[in-house]
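Notes follow once the structure below has been shown.
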Amino acid sequence: MVNIEIEPFTRVEGNGGAEIIVENGEVKDVKLKIFEGPRFFELLTLGRHYWDVPDLEARICAICYLSHSVASVLGIERALGVNVPEEIMLLRELGLLGELIESHALHLYLLVAPDLFGYADAIRMASKHGEVVKEGITIKAFGNYIREILGGREIHGINIKPGGFGRYPTVEELERIERQSEALLRPARRAVNIFAEQEPLGATVQHYIATNGYLYGDKLIAEEGEKFDYLEHVEEKTLPYSFAKQSRYKGNIFMVGALSRVMLKHDMLTPMAKHFYEEHKEKLASGYISFNNLAQAIELVYALEKAKEVAKTLLDKGIEGENVPIEPQEGEGIGYAEAPRGVLVHHYRIDERGNIAYSNIITPTAFNHAIMELSLYEEAKKRYGDSDEVTFLQKLEETVRAFDPCISCSVHVVRL
Amino acid sequence: MSEKVRVGFYALTSCYGCQLQMAMMDEILHLLDKVGIECWFMVERNSEEDREVDIAFIEGSVSTQEEIELVKKIREKAKIVIAVGSCAIHGGVQSWDKDKEFNELWKTVYGDAHVKFEPKMAEPVEKYIKVDYKLYGCPPEKKDFLYALGTLLIGSWPEDIDYPVCVECRLRGNPCILIEKGEPCLGPITTAGCDARCPSYGIPCIGCRGAVKDVAWFDSLALEFKRKGLTKEEILERVKIFNAYNPKLEEMVNKIFKEGE
């Protein structure tokens, strides 16, 4: 028996690796491992007043802090029976769009593109393909601008609160967002063509899960179209070799993320994004997880079109800037948001004084743990013995990278 | 400068926000010809933890036995060690409940599951090795990185920040969140440098840069909070988010509640 270790993964966020078990010249099993220390976020909020909770939960992840803030705020508001006006939901959506733009641009241009162009990293790639890298950095900076305005900071902002915002954006800021989204559409469209060239890698997805709205929702959906709460159909278990947990949908391995959203919710896409979906429909429908990158590129177009639309709507209506007052009361609520890398669940029970009595958080990388393992297994099985070791490991790393895993959530290089 | 300054960026248990913040800076690109990256897994494929460096940036809390060994190794190989961000400096949000029995916490979240690694309660880097400089914040501001790295690159030493957020908040002309709005702002005890970011968004400071050293008047602030109706537990809970390991915190807050009023 031979064990091949990949650790740590490179060009992903967080610290993870994999163990490939080979017996009699055949790949028998693959274990995906998360080496991050435990942080006990679910306990961090217990007994604490709901007001501070979104700020604490943002710290789970630097790349998708804003998705955590929004999921947290939605869960809390549902528990407290609070309804916020359309303006506040539109501003939250704009924040989520900013996060999607930032995160997808980082992943596609700086982490995945070097694989497609044959470079070790984006810095080395920049010498020959400076234009592409520069476009990526410009799009990413725009996503960060939105996060700073709506979220309060590029990383771990505190502006998104139960009932509303600390500060509302100004007309000038919204106008800038409207203008820049339009201007960046052209490079984003080019990106779709670049990532449409990727080869099929990994497992093929059999079950997709997403939220019922494009970037947030009050329920989950799967391919049958039925709406459900995560507790109804998703089970979680801990693993002996990792700090992350694994999930199943009705007993089956499933996927969350850009590919799931595009497959389940293409009806909600904006015109240009929908056009790209139609153009690449067959490829996407084949379900190979490497096409998650293509789905992300289509979503980049979606997010820029949508951000423009949302900014315009807000400008036309004018910002009222009124928060909804909240009276603490006993209740239970689940917030669902789409982080750039997939469904994020924040579930709370709150007591009559407004303190958290129970909390459960499930992150997209936890949801995707099983299908990441399966994808590594299938890719390793297909390639073992056929390709040289460098290519073998390179392809396995590309397979994992396609999930855009946030191992605290996905950037390291393979070492043996 | 003929030789490049050798730099390493190492991550312990964290959200990777500090290194992301540094990697996102356009200014970093201008420094690339002066700096050689020996180890930074997020951006450099050819990274090795074992190489000698001039400046080591460490992010994250020490949360496994393996990480204790790693920080010791980094200290041996580095001339200057910089602790970056709240986790490395104060243990981070994950250390807030350091007094609880670790095994109990483990059981509540992970049940009876066992793992191959040895997890432990999150601790600051300084508990295990000498730290030469600190970049406060969750995450630090971009200018913090630029100031420290720039100063070191010209062969000088960066100043520490020893005044609270209130100083910068007054300079920005914000209305006082603590006095005028009556909300539990931690600005008076928290290390400045963020340009009073959160109060400028109308939100009370949660203290992410940690208590300002030597002059954090936990007692005065606790008295103010007590007058507003907060209990001792509520005060400690709020201040401990980013100050769980501060040796003076509980004693100073206890004093206010012992004296009665």
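Note on naming: chains are A, B, ... as they come in the structure tokens, residues start from 1 per chain, ligands start from 1 in the order shown.
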
Margin query: Just want the 10 Å neighbourhood of Leu106 of chain A, counted on only C-alpha atoms, with same-chain residues fewer than 2 positions away dropped. Output as a list in words.
Written below: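 Contacts, with the query itself left out: Ile63, Leu100, Ile101, Glu102, Ser103, His104, Leu108, Tyr109, Leu110, Leu111, Val112, Ala113, Val133, Gly136, Ile137, Ile139, Lys140, Ala141, Gly143 and Asp404 of chain A; Met24 of chain B.
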
Would you give me, as an mmCIF file with N, CA, C and O atoms, in the first residue's frame, the residues of chain B that come within 6 Å of chain A, using only C-alpha atoms?
data_model
loop_
_atom_site.group_PDB
_atom_site.id
_atom_site.type_symbol
_atom_site.label_atom_id
_atom_site.label_comp_id
_atom_site.auth_asym_id
_atom_site.auth_seq_id
_atom_site.Cartn_x
_atom_site.Cartn_y
_atom_site.Cartn_z
ATOM 1 N N THR B 13 -3.972 29.211 13.105
ATOM 2 C CA THR B 13 -5.421 29.100 12.971
ATOM 3 C C THR B 13 -6.052 30.489 12.892
ATOM 4 O O THR B 13 -5.917 31.292 13.816
ATOM 5 N N CYS B 15 -8.647 33.282 9.983
ATOM 6 C CA CYS B 15 -9.557 33.377 8.833
ATOM 7 C C CYS B 15 -8.791 33.776 7.578
ATOM 8 O O CYS B 15 -9.386 33.956 6.526
ATOM 9 N N GLY B 17 -7.577 36.566 6.889
ATOM 10 C CA GLY B 17 -7.906 37.936 6.527
ATOM 11 C C GLY B 17 -6.700 38.853 6.562
ATOM 12 O O GLY B 17 -6.587 39.780 5.763
ATOM 13 N N PHE B 41 2.371 30.894 1.394
ATOM 14 C CA PHE B 41 1.637 29.903 0.607
ATOM 15 C C PHE B 41 0.502 30.503 -0.203
ATOM 16 O O PHE B 41 0.122 29.973 -1.233
ATOM 17 N N MET B 42 -0.068 31.609 0.250
ATOM 18 C CA MET B 42 -1.206 32.165 -0.492
ATOM 19 C C MET B 42 -0.772 32.736 -1.845
ATOM 20 O O MET B 42 -1.522 32.700 -2.806
ATOM 21 N N ARG B 45 4.214 29.995 -4.987
ATOM 22 C CA ARG B 45 4.207 28.546 -5.102
ATOM 23 C C ARG B 45 5.460 27.923 -4.484
ATOM 24 O O ARG B 45 5.407 26.899 -3.818
ATOM 25 N N SER B 63 -3.330 27.220 18.048
ATOM 26 C CA SER B 63 -4.499 26.410 18.411
ATOM 27 C C SER B 63 -4.305 24.901 18.287
ATOM 28 O O SER B 63 -5.234 24.140 18.536
ATOM 29 N N THR B 64 -3.092 24.457 17.875
ATOM 30 C CA THR B 64 -2.809 23.015 17.901
ATOM 31 C C THR B 64 -1.375 22.836 18.402
ATOM 32 O O THR B 64 -0.581 23.779 18.396
ATOM 33 N N GLN B 94 -11.615 33.592 18.859
ATOM 34 C CA GLN B 94 -11.766 32.191 19.279
ATOM 35 C C GLN B 94 -11.217 31.908 20.678
ATOM 36 O O GLN B 94 -11.351 30.813 21.185
ATOM 37 N N HIS B 114 -12.939 12.111 17.300
ATOM 38 C CA HIS B 114 -11.513 12.255 17.583
ATOM 39 C C HIS B 114 -10.792 12.628 16.305
ATOM 40 O O HIS B 114 -11.191 12.209 15.237
ATOM 41 N N VAL B 115 -9.749 13.418 16.419
ATOM 42 C CA VAL B 115 -8.957 13.735 15.240
ATOM 43 C C VAL B 115 -7.501 13.406 15.511
ATOM 44 O O VAL B 115 -7.089 13.277 16.657
ATOM 45 N N LYS B 116 -6.727 13.302 14.409
ATOM 46 C CA LYS B 116 -5.318 12.946 14.534
ATOM 47 C C LYS B 116 -4.483 14.080 15.120
ATOM 48 O O LYS B 116 -3.444 13.872 15.678
ATOM 49 N N TYR B 201 -18.894 54.951 10.963
ATOM 50 C CA TYR B 201 -20.077 54.361 10.331
ATOM 51 C C TYR B 201 -21.269 54.391 11.295
ATOM 52 O O TYR B 201 -22.286 53.752 11.043
ATOM 53 N N GLY B 202 -21.098 55.086 12.423
ATOM 54 C CA GLY B 202 -22.191 55.175 13.402
ATOM 55 C C GLY B 202 -22.326 53.943 14.273
ATOM 56 O O GLY B 202 -23.365 53.694 14.869
ATOM 57 N N ILE B 203 -21.261 53.137 14.340
ATOM 58 C CA ILE B 203 -21.330 51.874 15.069
ATOM 59 C C ILE B 203 -20.305 51.865 16.195
ATOM 60 O O ILE B 203 -19.153 52.264 15.987
#

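A straight line drawn from atom CA of Leu294 of chain A to atom CA of Val192 of chain A is 6.4 Å long.
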
Notebook entry, point to check: Which of these, A:Gly213, A:Ala337, A:Leu185, A:Thr391, has the shortest distance to Gly118 of chain A once you count only C-alpha atoms?
Noted result: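 Between A:Gly213, A:Ala337, A:Leu185, A:Thr391, the residue approaching Gly118 of chain A most closely is A:Thr391.
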
Next item on the list: Would you list the contacts of His346 of chain A as a PyMOL selection string, taking every protein, DNA or RNA residue within 9 Å and counting only C-alpha atoms, but skipping same-chain residues closer than 6 positions in sequence?
Entry: chain A and resi 68+71-76+333-337+359-363

Item checked: Straight-line distance linking atom CA of Thr204 of chain A with atom CA of Ile371 of chain A, stated in Å to one decimal ->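 Here the two named atoms are 9.1 Å from each other.
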